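File shown: work_37.cif. Contents: mmCIF, N, CA and C atoms.
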data_structure
#
loop_
_atom_site.label_atom_id
_atom_site.label_comp_id
_atom_site.auth_asym_id
_atom_site.auth_seq_id
_atom_site.Cartn_x
_atom_site.Cartn_y
_atom_site.Cartn_z
N MET A 1 0.82 -1.19 0.00
CA MET A 1 0.00 0.00 0.00
C MET A 1 0.87 1.26 0.00
N LYS A 2 1.96 1.25 0.81
CA LYS A 2 2.84 2.41 0.85
C LYS A 2 3.51 2.64 -0.51
N ALA A 3 3.82 1.54 -1.21
CA ALA A 3 4.44 1.66 -2.53
C ALA A 3 3.47 2.32 -3.51
N LEU A 4 2.20 2.00 -3.43
CA LEU A 4 1.19 2.57 -4.32
C LEU A 4 1.03 4.07 -4.05
N ILE A 5 1.02 4.47 -2.78
CA ILE A 5 0.91 5.88 -2.43
C ILE A 5 2.15 6.64 -2.91
N ALA A 6 3.34 6.04 -2.75
CA ALA A 6 4.58 6.67 -3.21
C ALA A 6 4.56 6.84 -4.73
N LEU A 7 4.05 5.84 -5.45
CA LEU A 7 3.95 5.91 -6.90
C LEU A 7 2.99 7.02 -7.33
N ILE A 8 1.86 7.13 -6.67
CA ILE A 8 0.88 8.18 -7.00
C ILE A 8 1.46 9.57 -6.73
N VAL A 9 2.16 9.74 -5.61
CA VAL A 9 2.79 11.03 -5.29
C VAL A 9 3.86 11.37 -6.32
N ALA A 10 4.69 10.40 -6.70
CA ALA A 10 5.74 10.62 -7.69
C ALA A 10 5.14 11.01 -9.04
N MET A 11 4.07 10.35 -9.45
CA MET A 11 3.42 10.68 -10.72
C MET A 11 2.79 12.08 -10.66
N GLY A 12 2.23 12.44 -9.54
CA GLY A 12 1.67 13.78 -9.37
C GLY A 12 2.74 14.85 -9.50
N ILE A 13 3.88 14.61 -8.87
CA ILE A 13 4.99 15.56 -8.96
C ILE A 13 5.48 15.66 -10.41
N ALA A 14 5.58 14.53 -11.10
CA ALA A 14 6.01 14.53 -12.50
C ALA A 14 5.04 15.32 -13.38
N ILE A 15 3.75 15.20 -13.12
CA ILE A 15 2.75 15.95 -13.88
C ILE A 15 2.89 17.44 -13.62
N LEU A 16 3.11 17.82 -12.37
CA LEU A 16 3.29 19.24 -12.04
C LEU A 16 4.55 19.82 -12.70
N VAL A 17 5.63 19.05 -12.71
CA VAL A 17 6.86 19.51 -13.36
C VAL A 17 6.63 19.67 -14.87
N ALA A 18 5.93 18.72 -15.49
CA ALA A 18 5.64 18.80 -16.92
C ALA A 18 4.78 20.03 -17.23
N LEU A 19 3.77 20.30 -16.42
CA LEU A 19 2.93 21.48 -16.63
C LEU A 19 3.72 22.77 -16.46
N ALA A 20 4.64 22.79 -15.50
CA ALA A 20 5.47 23.97 -15.31
C ALA A 20 6.37 24.20 -16.53
N LEU A 21 6.92 23.13 -17.09
CA LEU A 21 7.75 23.26 -18.29
C LEU A 21 6.94 23.75 -19.48
N VAL A 22 5.73 23.27 -19.64
CA VAL A 22 4.86 23.72 -20.74
C VAL A 22 4.53 25.20 -20.56
N ALA A 23 4.19 25.59 -19.34
CA ALA A 23 3.88 27.00 -19.09
C ALA A 23 5.09 27.88 -19.36
N TYR A 24 6.27 27.43 -18.97
CA TYR A 24 7.49 28.20 -19.24
C TYR A 24 7.72 28.32 -20.75
N GLY A 25 7.52 27.23 -21.47
CA GLY A 25 7.70 27.25 -22.93
C GLY A 25 6.75 28.23 -23.60
N ILE A 26 5.52 28.29 -23.13
CA ILE A 26 4.54 29.21 -23.70
C ILE A 26 4.92 30.65 -23.38
N MET A 27 5.30 30.91 -22.15
CA MET A 27 5.66 32.27 -21.74
C MET A 27 6.94 32.76 -22.42
N ALA A 28 7.89 31.86 -22.64
CA ALA A 28 9.16 32.24 -23.25
C ALA A 28 9.05 32.34 -24.77
N GLY A 29 7.95 31.94 -25.34
CA GLY A 29 7.78 32.01 -26.79
C GLY A 29 8.20 30.73 -27.47
N GLY A 30 8.95 29.92 -26.81
CA GLY A 30 9.33 28.64 -27.37
C GLY A 30 10.25 28.72 -28.58
N GLY A 31 10.61 29.93 -28.99
CA GLY A 31 11.47 30.06 -30.15
C GLY A 31 10.75 29.79 -31.46
N ARG A 32 9.48 29.55 -31.41
CA ARG A 32 8.72 29.27 -32.62
C ARG A 32 7.70 30.37 -32.84
N GLY A 33 7.34 30.56 -34.07
CA GLY A 33 6.36 31.58 -34.39
C GLY A 33 6.98 32.97 -34.49
N GLU A 34 8.18 33.12 -34.01
CA GLU A 34 8.89 34.39 -34.11
C GLU A 34 9.75 34.34 -35.36
N PRO A 35 9.62 35.30 -36.27
CA PRO A 35 10.47 35.27 -37.45
C PRO A 35 11.93 35.46 -37.08
N ALA A 36 12.78 34.70 -37.74
CA ALA A 36 14.21 34.79 -37.46
C ALA A 36 14.77 36.12 -37.92
N GLY A 37 14.14 36.69 -38.93
CA GLY A 37 14.62 37.96 -39.46
C GLY A 37 15.88 37.79 -40.30
N PHE A 38 16.36 38.86 -40.83
CA PHE A 38 17.58 38.83 -41.62
C PHE A 38 18.28 40.17 -41.46
N GLY A 39 19.55 40.18 -41.79
CA GLY A 39 20.33 41.41 -41.67
C GLY A 39 20.04 42.35 -42.82
N PRO A 40 20.79 43.43 -42.91
CA PRO A 40 20.57 44.41 -43.97
C PRO A 40 20.74 43.77 -45.36
N ARG A 41 19.89 44.16 -46.27
CA ARG A 41 19.95 43.68 -47.66
C ARG A 41 19.98 44.90 -48.57
N ASP A 42 20.79 44.82 -49.60
CA ASP A 42 20.87 45.88 -50.60
C ASP A 42 20.23 45.39 -51.89
N PHE A 43 19.59 46.29 -52.61
CA PHE A 43 19.10 45.97 -53.94
C PHE A 43 19.30 47.20 -54.81
N ALA A 44 19.43 46.95 -56.10
CA ALA A 44 19.71 48.04 -57.04
C ALA A 44 18.44 48.85 -57.29
N LEU A 45 18.47 50.11 -56.92
CA LEU A 45 17.37 51.04 -57.17
C LEU A 45 17.85 51.97 -58.28
N PRO A 46 17.21 51.93 -59.47
CA PRO A 46 17.68 52.78 -60.56
C PRO A 46 17.74 54.25 -60.16
N ALA A 47 18.70 54.97 -60.72
CA ALA A 47 18.88 56.39 -60.40
C ALA A 47 17.60 57.16 -60.72
N GLY A 48 17.18 58.00 -59.80
CA GLY A 48 15.99 58.81 -60.00
C GLY A 48 14.70 58.13 -59.58
N CYS A 49 14.78 56.90 -59.14
CA CYS A 49 13.58 56.16 -58.71
C CYS A 49 13.41 56.30 -57.20
N GLU A 50 12.18 56.18 -56.77
CA GLU A 50 11.85 56.22 -55.34
C GLU A 50 10.94 55.06 -55.00
N ILE A 51 10.95 54.66 -53.74
CA ILE A 51 10.00 53.65 -53.27
C ILE A 51 8.69 54.37 -52.98
N ALA A 52 7.65 54.00 -53.72
CA ALA A 52 6.35 54.66 -53.58
C ALA A 52 5.51 53.99 -52.51
N ASP A 53 5.68 52.66 -52.35
CA ASP A 53 4.81 51.93 -51.43
C ASP A 53 5.49 50.62 -51.06
N ALA A 54 5.28 50.18 -49.83
CA ALA A 54 5.75 48.88 -49.36
C ALA A 54 4.57 48.17 -48.72
N THR A 55 4.34 46.93 -49.16
CA THR A 55 3.20 46.16 -48.66
C THR A 55 3.65 44.76 -48.31
N LEU A 56 3.20 44.24 -47.18
CA LEU A 56 3.48 42.87 -46.78
C LEU A 56 2.26 42.03 -47.11
N VAL A 57 2.44 41.02 -47.96
CA VAL A 57 1.36 40.12 -48.36
C VAL A 57 1.81 38.71 -48.01
N GLY A 58 1.24 38.17 -46.95
CA GLY A 58 1.68 36.84 -46.50
C GLY A 58 3.14 36.92 -46.09
N GLU A 59 3.98 36.12 -46.76
CA GLU A 59 5.41 36.13 -46.47
C GLU A 59 6.17 36.84 -47.58
N ARG A 60 5.49 37.70 -48.32
CA ARG A 60 6.11 38.44 -49.42
C ARG A 60 6.06 39.94 -49.12
N LEU A 61 7.16 40.62 -49.39
CA LEU A 61 7.23 42.06 -49.27
C LEU A 61 7.22 42.63 -50.68
N LEU A 62 6.26 43.49 -50.97
CA LEU A 62 6.16 44.11 -52.28
C LEU A 62 6.57 45.57 -52.16
N LEU A 63 7.54 45.98 -52.97
CA LEU A 63 7.98 47.37 -53.03
C LEU A 63 7.58 47.92 -54.39
N ARG A 64 6.80 48.98 -54.40
CA ARG A 64 6.40 49.62 -55.66
C ARG A 64 7.27 50.85 -55.85
N LEU A 65 7.91 50.92 -57.01
CA LEU A 65 8.78 52.05 -57.31
C LEU A 65 8.03 53.06 -58.16
N LYS A 66 8.43 54.32 -58.04
CA LYS A 66 7.85 55.37 -58.89
C LYS A 66 8.99 56.20 -59.45
N GLY A 67 8.69 56.81 -60.58
CA GLY A 67 9.67 57.64 -61.26
C GLY A 67 9.48 57.49 -62.76
N LEU A 68 10.45 57.94 -63.53
CA LEU A 68 10.36 57.90 -64.97
C LEU A 68 10.46 56.48 -65.51
N ALA A 69 9.54 56.13 -66.42
CA ALA A 69 9.55 54.79 -67.03
C ALA A 69 10.83 54.58 -67.82
N GLU A 70 11.38 55.65 -68.42
CA GLU A 70 12.60 55.53 -69.22
C GLU A 70 13.79 55.07 -68.37
N ARG A 71 13.73 55.32 -67.10
CA ARG A 71 14.82 54.92 -66.19
C ARG A 71 14.54 53.57 -65.53
N GLY A 72 13.44 52.94 -65.89
CA GLY A 72 13.11 51.63 -65.31
C GLY A 72 12.48 51.72 -63.94
N CYS A 73 11.83 52.85 -63.67
CA CYS A 73 11.28 53.07 -62.34
C CYS A 73 9.89 52.46 -62.14
N GLN A 74 9.23 52.08 -63.18
CA GLN A 74 7.86 51.55 -63.06
C GLN A 74 7.94 50.06 -62.78
N GLU A 75 8.32 49.69 -61.55
CA GLU A 75 8.50 48.29 -61.18
C GLU A 75 7.85 47.99 -59.84
N VAL A 76 7.55 46.72 -59.67
CA VAL A 76 7.18 46.18 -58.37
C VAL A 76 8.21 45.10 -58.06
N LEU A 77 8.91 45.25 -56.95
CA LEU A 77 9.92 44.28 -56.53
C LEU A 77 9.31 43.38 -55.48
N ILE A 78 9.58 42.07 -55.57
CA ILE A 78 8.99 41.09 -54.66
C ILE A 78 10.13 40.42 -53.90
N PHE A 79 10.04 40.49 -52.58
CA PHE A 79 11.06 39.91 -51.70
C PHE A 79 10.42 38.90 -50.75
N ASP A 80 11.20 37.90 -50.34
CA ASP A 80 10.78 36.98 -49.29
C ASP A 80 11.01 37.70 -47.96
N SER A 81 9.98 37.82 -47.14
CA SER A 81 10.09 38.60 -45.90
C SER A 81 10.91 37.89 -44.82
N GLU A 82 11.15 36.60 -44.97
CA GLU A 82 11.94 35.89 -43.96
C GLU A 82 13.42 35.89 -44.29
N SER A 83 13.77 35.68 -45.56
CA SER A 83 15.18 35.59 -45.93
C SER A 83 15.72 36.88 -46.53
N GLY A 84 14.82 37.74 -47.03
CA GLY A 84 15.25 38.96 -47.69
C GLY A 84 15.63 38.76 -49.14
N ALA A 85 15.50 37.54 -49.64
CA ALA A 85 15.87 37.25 -51.03
C ALA A 85 14.88 37.89 -51.99
N GLU A 86 15.42 38.45 -53.08
CA GLU A 86 14.54 39.01 -54.11
C GLU A 86 13.97 37.85 -54.92
N LEU A 87 12.65 37.79 -54.99
CA LEU A 87 11.98 36.70 -55.70
C LEU A 87 11.65 37.06 -57.13
N GLY A 88 11.48 38.35 -57.42
CA GLY A 88 11.17 38.75 -58.78
C GLY A 88 10.87 40.22 -58.89
N ARG A 89 10.70 40.65 -60.15
CA ARG A 89 10.37 42.04 -60.47
C ARG A 89 9.29 42.03 -61.54
N ILE A 90 8.35 42.92 -61.40
CA ILE A 90 7.33 43.12 -62.42
C ILE A 90 7.54 44.53 -62.96
N THR A 91 7.82 44.62 -64.25
CA THR A 91 8.14 45.90 -64.87
C THR A 91 7.03 46.32 -65.83
N ALA A 92 6.58 47.54 -65.69
CA ALA A 92 5.57 48.08 -66.62
C ALA A 92 6.32 48.77 -67.76
N ARG A 93 5.96 48.41 -68.99
CA ARG A 93 6.58 48.99 -70.18
C ARG A 93 5.49 49.59 -71.07
N PRO A 94 5.81 50.66 -71.78
CA PRO A 94 4.82 51.22 -72.70
C PRO A 94 4.48 50.22 -73.79
N ALA A 95 3.22 50.18 -74.17
CA ALA A 95 2.78 49.26 -75.21
C ALA A 95 3.31 49.73 -76.55
N ALA A 96 3.69 48.77 -77.39
CA ALA A 96 4.15 49.09 -78.74
C ALA A 96 2.95 49.47 -79.59
N GLU A 97 3.10 50.52 -80.37
CA GLU A 97 1.98 50.98 -81.20
C GLU A 97 2.07 50.42 -82.57
#

Starting from the file, give its structure as structure tokens.
Amino acid sequence: MKALIALIVAMGIAILVALALVAYGIMAGGGRGEPAGFGPRDFALPAGCEIADATLVGERLLLRLKGLAERGCQEVLIFDSESGAELGRITARPAAE
């Protein structure tokens, strides 16, 4: 009987320790769900162009440039928001007549 009571007490203590560890993991953030981020990234911005707008869509950062079309300023640049890698560019060009 004493062995059974000791086993129940030990299991109760183990459950309390496990709950304390779970609570600590939740409070500390667990290292998950937080973006790792990235350091500074450079990209080529044509001379005379400006960033007109920046929008975060899901895990993509969209930068819309403004300026003269002749200088290549009519672009939307697409970056991965976690790694900072440039995924692509969409360029507006005048239609051929």

- Task: Identify, with DSSP run on backbone atoms, the residues in chain A assigned to strand (DSSP E), and express the list as a ChimeraX atom specification.
- Result: /A:50-57,60-66,75-80,86-91

- Message: List as a list in words the residues having at least one atom at most 7 Å from position (21.1, 41.1, -47.5) as given in the file, counting all atoms listed in the file.
- Response: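 Every residue inside that radius is included here: Phe38, Gly39, Pro40, Arg41, Asp42, Ser83, Gly84 and Ala85 of chain A.
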
- All residues 8 Å or closer to A:Gly72, only N, CA and C atoms, same chain fewer than 6 positions away omitted, as number ranges by chain: A: 45-47, 49, 65-66, 91-92

- Length of the atom C of A:Glu82 to atom CA of A:Glu59 vector [Å]: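 Computing the Euclidean distance for atom C of A:Glu82 and atom CA of A:Glu59 yields 8.3 Å.
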
- Note on the structure: Separating atom N of A:Arg64 from atom N of A:Ile51, to the nearest tenth of an Å, is a gap of 7.1 Å

- Item | For atom C of A:Ser81 and atom N of A:Asp53, the interatomic separation in Å (one decimal) |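 Taking atom C of A:Ser81 as the start and atom N of A:Asp53 as the end point, the length is 17.4 Å.
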
Taking all listed atoms of stretch 83-93 of chain A, build the axis-aligned box, pad each of the six sides by 4 Å, then write its centre and edge lengths in Å to one decimal as lines of an AutoDock Vina configuration file.
center_x = 10.7
center_y = 42.6
center_z = -58.3
size_x = 18.4
size_y = 22.0
size_z = 33.5

- Give me every alpha helix (DSSP H) residue in stretch 25-74 of chain A, going by DSSP on the backbone, as a ChimeraX atom specification. /A:25-28
